[in-house]
There are 2 protein chains.
Amino acid sequence: MSEDGFAIRRLTLVGVGLIGGSLSLALKRAGVVEEVIGHARNEAGLRRGVERGILDGYATDPGEAVQGSDLVVIATPLGAIRPVFAAIAPHLSDQAVITDVGSAKAAVVADARAELGEHFPRFVAGHPIAGTENSGVEAGFAELFDNRKIILTPDDETDAAAIERVRRMWQATGAEVETMSVEHHDRVLAATSHLPHMLAFALVSHLSKMSDQDEIFAYAAGGFRDFTRIASSDPVMWRDVCLANADALLELIDGFQLELQQVAEAIRARDADALFEHFQSAKDTRDQLKHL
Amino acid sequence: MSEDGFAIRRLTLVGVGLIGGSLSLALKRAGVVEEVIGHARNEAGLRRGVERGILDGYATDPGEAVQGSDLVVIATPLGAIRPVFAAIAPHLSDQAVITDVGSAKAAVVADARAELGEHFPRFVAGHPIAGTENSGVEAGFAELFDNRKIILTPDDETDAAAIERVRRMWQATGAEVETMSVEHHDRVLAATSHLPHMLAFALVSHLSKMSDQDEIFAYAAGGFRDFTRIASSDPVMWRDVCLANADALLELIDGFQLELQQVAEAIRARDADALFEHFQSAKDTRDQLKHL
């Protein structure tokens with residue numbers, strides 16, 4: 001129990017990867033959770049979760065996993081969330097608060113509304129702006145959420161007490177919690193996370209098709225390293241993000257392609273002034289973000 | 001003098017920014033240079049170079065700066081190199097070895113051939129694969145080249161003794177020196193450095209034009225930070241790179257646009273398999289570069 005009386009008696013984690021594993025470790029570090037039960041499709045991963053002290057137990061059946069839990073966190077890739085909702089809904093207690101960690105929210109909220117029935121008001125859509133390019137239960141660590149932002153996207157139907165519990169859970173991990181609308185979240189994330197990932201994956205993919213790719217990668221240095229590190233991220237997660245946030249992402253890709261096309265035109269025309277202005281303006285913007 | 005007898009009596013640096021300043025500091029650290037003379041258009045920067053121990057003296061006239069020097073390093077932005085060649089050619093000693101640090105080589109070699117006259121065989125085109133997003137004489141540090149790659153692109157006309165002196169200069173900074181053809185260098189650098197910089201600048205520029213840019217940048221986290229850090233690089237340098245390596249860069253931008261277009265098509269068609277395959281293949285390639 002924390003100093004202000006916040007406590008989770010039994011937490012169920014559905015999906016025990018980087019985010020789920022780190023959440024459990026952070027809550028245990030804060031001393032606010034009595035018992036963490038895991039469920040995932042991969043039983044070997046669940047066993048490693050127990051060995052590493054992330055889980056106190058696990059269930060291979062999702063309904064069994066959530067029985068008697070006061071807090072349920074869905075931390076699977078986005079594409080697996082709807083079937084999870086369907087599988088757990090009949091087994092949730094009528095006090096259980098449910099949340100998720102998906103990086104696109106409109107699709108998840110629609111799935112929750114379709115599948116959770118009477119439990120829907122106790123579902124609080126959430127998204128921790130945290131992660132690394134590593135995945136899997138072994139990648140988890142208690143400090144992942146320290147000083148990171150968590151975005152919750154509740155709506156008018158969401159129960160105020162449920163929002164408060166999810167907020168306090170994340171605050172206990174060391175994170176800062178904010179709320180915004182589903183639509184705004186999806187647009188902001190498409191811009192700052194989904195589009196950059198698309199560019200990094202596409203760059204690595206394009207270079208890997210060049211005839212002298214081995215030599216090309218041999219001379220890749222600092223900028224390239226930082227720029228493409230995120231292309232090591234989990235392909236299942238990114239496939240699902242594309243499908244769940246397709247409209248916002250497509251709009252951003254289109255806009256980005258136009259911007260890059262203008263740069264190409266300026267290069268083709270050897271337009272030194274236009275190029276300088278483009279680079280200077282981008283540098284000015286980026287320099288204002290030096291704190292990043 | 002180094003253990004194997006390599007020594008520079010008088011080095012002239014034309015351009016005293018991140019690369020020039022770091023080169024002087026690294027050579028002084030190695031004890032292989034007696035005197036470093038600077039020239040640049042900005043006299044205040046030259047004075048700061050003397051104050052910081054980077055320069056032993058400076059000349060505001062480029063011809064005067066190279067008189068009596070056995071090694072001349074041009075470390076200006078690419079667009080300034082041709083006028084520098086023209087200005088120094090009449091004042092170079094007939095033993096002087098000349099090199100540069102430009103990140104595109106075909107244009108520099110053509111400029112050298114046009115302007116250096118009888119000195120052209122003692123010009124060794126070079127490019128250190130090192131840098132940071134910071135620029136200016138204050139950004140220099142002696143360790144910048146430690147274990148970094150330096151690419152030299154001499155041709156059949158280049159004097160073997162001149163190549164050897166430039167090679168040993170860079171080895172004295174702690175770098176590893178390799179040679180390749182001009183064409184190959186320009187293609188490899190377009191792929192691993194110039195294209196990634198174009199993408200980072202274009203991404204920042206595109207997002208800065210969105211109506212809710214302040215909120216967008218407020219939620220920018222890890223991946224975005226690393227991905228766009230290089231958009232803080234010097235706009236003059238990047239304008240000049242675009243002009244000097246236009247053809248190789250345009251070919252790569254075109255190829256990248258096609259790749260990104262295919263991703264957009266797969267998202268539009270909600271083609272989960274194609275998306276997964278694209279991300280998995282890029283991840284596999286990037287994971288092979290974990291040493292980066």
# chains A, B, ... in the order shown; residues from 1 in each chain; ligands from 1
$ residues_around --residues "Ala266 of chain A" --least-positions-apart "5" --cutoff "7 Å" --atoms "only C-alpha atoms" --output "ChimeraX atom specification"
/A:271,274-275
$ residues_around --residues "segment 218-231 of chain B" --least-positions-apart "3" --cutoff "7 Å" --atoms "only C-alpha atoms" --output "PyMOL selection string"
(chain A and resi 129+192-193+196+223+226-227+230+282-283+286+292) or (chain B and resi 133+197+200-201+204+214-215)
$ residues_around --residues "segment 169-182 of chain A" --least-positions-apart "3" --cutoff "8 Å" --atoms "only C-alpha atoms" --output "ChimeraX atom specification"
/A:23,26-27,30,32,105-106,142-143,145-155,165-166,185-186
$ write_last_selection --atoms "C-alpha atoms" --output "CSV table (one decimal), in the first residue's frame"
chain,number,residue,atom,x,y,z
A,23,LEU,CA,4.7,-2.4,-15.2
A,26,ALA,CA,7.5,-0.9,-11.2
A,27,LEU,CA,4.4,-1.6,-9.1
A,30,ALA,CA,6.4,0.8,-5.3
A,32,VAL,CA,1.4,-1.2,-4.1
A,105,LYS,CA,-6.8,4.3,-29.1
A,106,ALA,CA,-9.9,4.7,-31.4
A,142,ALA,CA,11.2,-1.3,-13.2
A,143,GLU,CA,12.5,2.1,-14.3
A,145,PHE,CA,8.1,4.6,-16.8
A,146,ASP,CA,10.2,6.9,-14.5
A,147,ASN,CA,9.2,10.5,-15.5
A,148,ARG,CA,7.6,9.3,-18.7
A,149,LYS,CA,4.2,10.4,-19.9
A,150,ILE,CA,1.1,8.2,-19.7
A,151,ILE,CA,-1.9,9.3,-21.8
A,152,LEU,CA,-5.4,8.2,-20.7
A,153,THR,CA,-8.3,8.7,-23.2
A,154,PRO,CA,-11.5,8.2,-21.2
A,155,ASP,CA,-14.8,9.5,-22.5
A,165,ARG,CA,-7.5,3.9,-10.1
A,166,VAL,CA,-5.7,3.7,-13.4
A,185,HIS,CA,-4.1,11.0,-29.1
A,186,ASP,CA,-4.2,9.1,-32.3
$ atom_distance --atom1 "atom CA of Ala80 of chain B" --atom2 "atom CA of Asp234 of chain B"
14.2 Å
$ select_by_dssp --residues "segment 147-226 of chain B" --states "strand (DSSP E or B)" --output "PyMOL selection string"
chain B and resi 149-152+176-179
$ residues_around --residues "Leu252 of chain B" --least-positions-apart "2" --cutoff "10 Å" --atoms "only C-alpha atoms" --output "JSON, numbers by chain"
{"A": [203, 206, 207, 210], "B": [187, 190, 191, 194, 195, 246, 247, 248, 249, 250, 254, 255, 256, 257, 258]}
$ write_last_selection --atoms "C-alpha atoms" --output "mmCIF file, in the first residue's frame"
data_model
loop_
_atom_site.group_PDB
_atom_site.id
_atom_site.type_symbol
_atom_site.label_atom_id
_atom_site.label_comp_id
_atom_site.auth_asym_id
_atom_site.auth_seq_id
_atom_site.Cartn_x
_atom_site.Cartn_y
_atom_site.Cartn_z
ATOM 1 C CA LEU A 203 14.908 3.313 -44.899
ATOM 2 C CA HIS A 206 15.232 0.260 -49.026
ATOM 3 C CA LEU A 207 18.970 0.150 -48.291
ATOM 4 C CA MET A 210 20.644 -2.114 -52.831
ATOM 5 C CA ARG B 187 26.725 6.429 -53.335
ATOM 6 C CA ALA B 190 24.082 9.249 -49.955
ATOM 7 C CA ALA B 191 22.550 6.052 -48.569
ATOM 8 C CA HIS B 194 22.616 12.141 -46.777
ATOM 9 C CA LEU B 195 19.266 10.369 -47.176
ATOM 10 C CA ALA B 246 22.573 15.758 -56.123
ATOM 11 C CA ASP B 247 22.428 12.798 -58.502
ATOM 12 C CA ALA B 248 23.188 10.023 -56.020
ATOM 13 C CA LEU B 249 20.850 11.615 -53.484
ATOM 14 C CA LEU B 250 17.941 12.082 -55.896
ATOM 15 C CA ASP B 254 13.150 8.340 -55.423
ATOM 16 C CA GLY B 255 13.794 4.781 -54.290
ATOM 17 C CA PHE B 256 12.831 5.620 -50.719
ATOM 18 C CA GLN B 257 9.604 7.279 -51.839
ATOM 19 C CA LEU B 258 8.650 4.110 -53.723
#
$ select_by_dssp --residues "segment 57-269 of chain B" --states "alpha helix (DSSP H)" --output "PyMOL selection string"
chain B and resi 62-66+81-88+106-115+160-172+182-189+195-208+213-218+222-228+235-244+246-268
$ closest_residue --among "B:Arg239, B:Val16, B:Ser205, B:Ala264" --to "Thr285 of chain A" --atoms "only C-alpha atoms"
B:Ser205
$ atom_distance --atom1 "atom CA of Ala114 of chain A" --atom2 "atom CA of Glu157 of chain A"
14.0 Å
$ closest_residue --among "B:Arg168, B:His39, B:Arg9, B:Arg270" --to "chain A" --atoms "only C-alpha atoms"
B:Arg270
$ closest_residue --among "B:Trp238, B:Ser233, B:Leu189, B:Leu144" --to "Ile216 of chain A" --atoms "only C-alpha atoms"
B:Leu189
$ closest_residue --among "A:Ala125, A:Leu289, A:Val50, A:Val33" --to "Ser232 of chain B" --atoms "only C-alpha atoms"
A:Leu289
$ closest_residue --among "B:Pro128, B:Thr158, B:Ala7, B:Arg167" --to "chain A" --atoms "only C-alpha atoms"
B:Pro128
$ closest_residue --among "A:Asp94, A:Asp4, A:Thr132, A:Ala162" --to "chain B" --atoms "only C-alpha atoms"
A:Thr132
$ decode --residues "segment 15-38 of chain B" --atoms "C-alpha atoms" --output "mmCIF file, in the first residue's frame"
data_model
loop_
_atom_site.group_PDB
_atom_site.id
_atom_site.type_symbol
_atom_site.label_atom_id
_atom_site.label_comp_id
_atom_site.auth_asym_id
_atom_site.auth_seq_id
_atom_site.Cartn_x
_atom_site.Cartn_y
_atom_site.Cartn_z
ATOM 1 C CA GLY B 15 37.702 26.458 -42.004
ATOM 2 C CA VAL B 16 37.888 26.038 -38.235
ATOM 3 C CA GLY B 17 34.598 24.465 -37.148
ATOM 4 C CA LEU B 18 33.682 21.134 -35.556
ATOM 5 C CA ILE B 19 35.846 19.035 -37.895
ATOM 6 C CA GLY B 20 38.792 21.425 -38.330
ATOM 7 C CA GLY B 21 38.936 22.257 -34.630
ATOM 8 C CA SER B 22 38.753 18.602 -33.610
ATOM 9 C CA LEU B 23 41.466 17.667 -36.123
ATOM 10 C CA SER B 24 43.859 20.240 -34.669
ATOM 11 C CA LEU B 25 43.152 19.119 -31.103
ATOM 12 C CA ALA B 26 43.641 15.452 -32.050
ATOM 13 C CA LEU B 27 46.954 16.114 -33.838
ATOM 14 C CA LYS B 28 48.210 18.216 -30.929
ATOM 15 C CA ARG B 29 47.186 15.446 -28.537
ATOM 16 C CA ALA B 30 49.266 13.031 -30.661
ATOM 17 C CA GLY B 31 52.212 15.424 -30.659
ATOM 18 C CA VAL B 32 52.691 15.227 -34.434
ATOM 19 C CA VAL B 33 52.186 18.881 -35.394
ATOM 20 C CA GLU B 34 54.473 21.826 -34.655
ATOM 21 C CA GLU B 35 52.239 24.713 -35.686
ATOM 22 C CA VAL B 36 48.576 25.080 -36.726
ATOM 23 C CA ILE B 37 47.570 28.188 -38.681
ATOM 24 C CA GLY B 38 43.901 28.930 -39.300
#
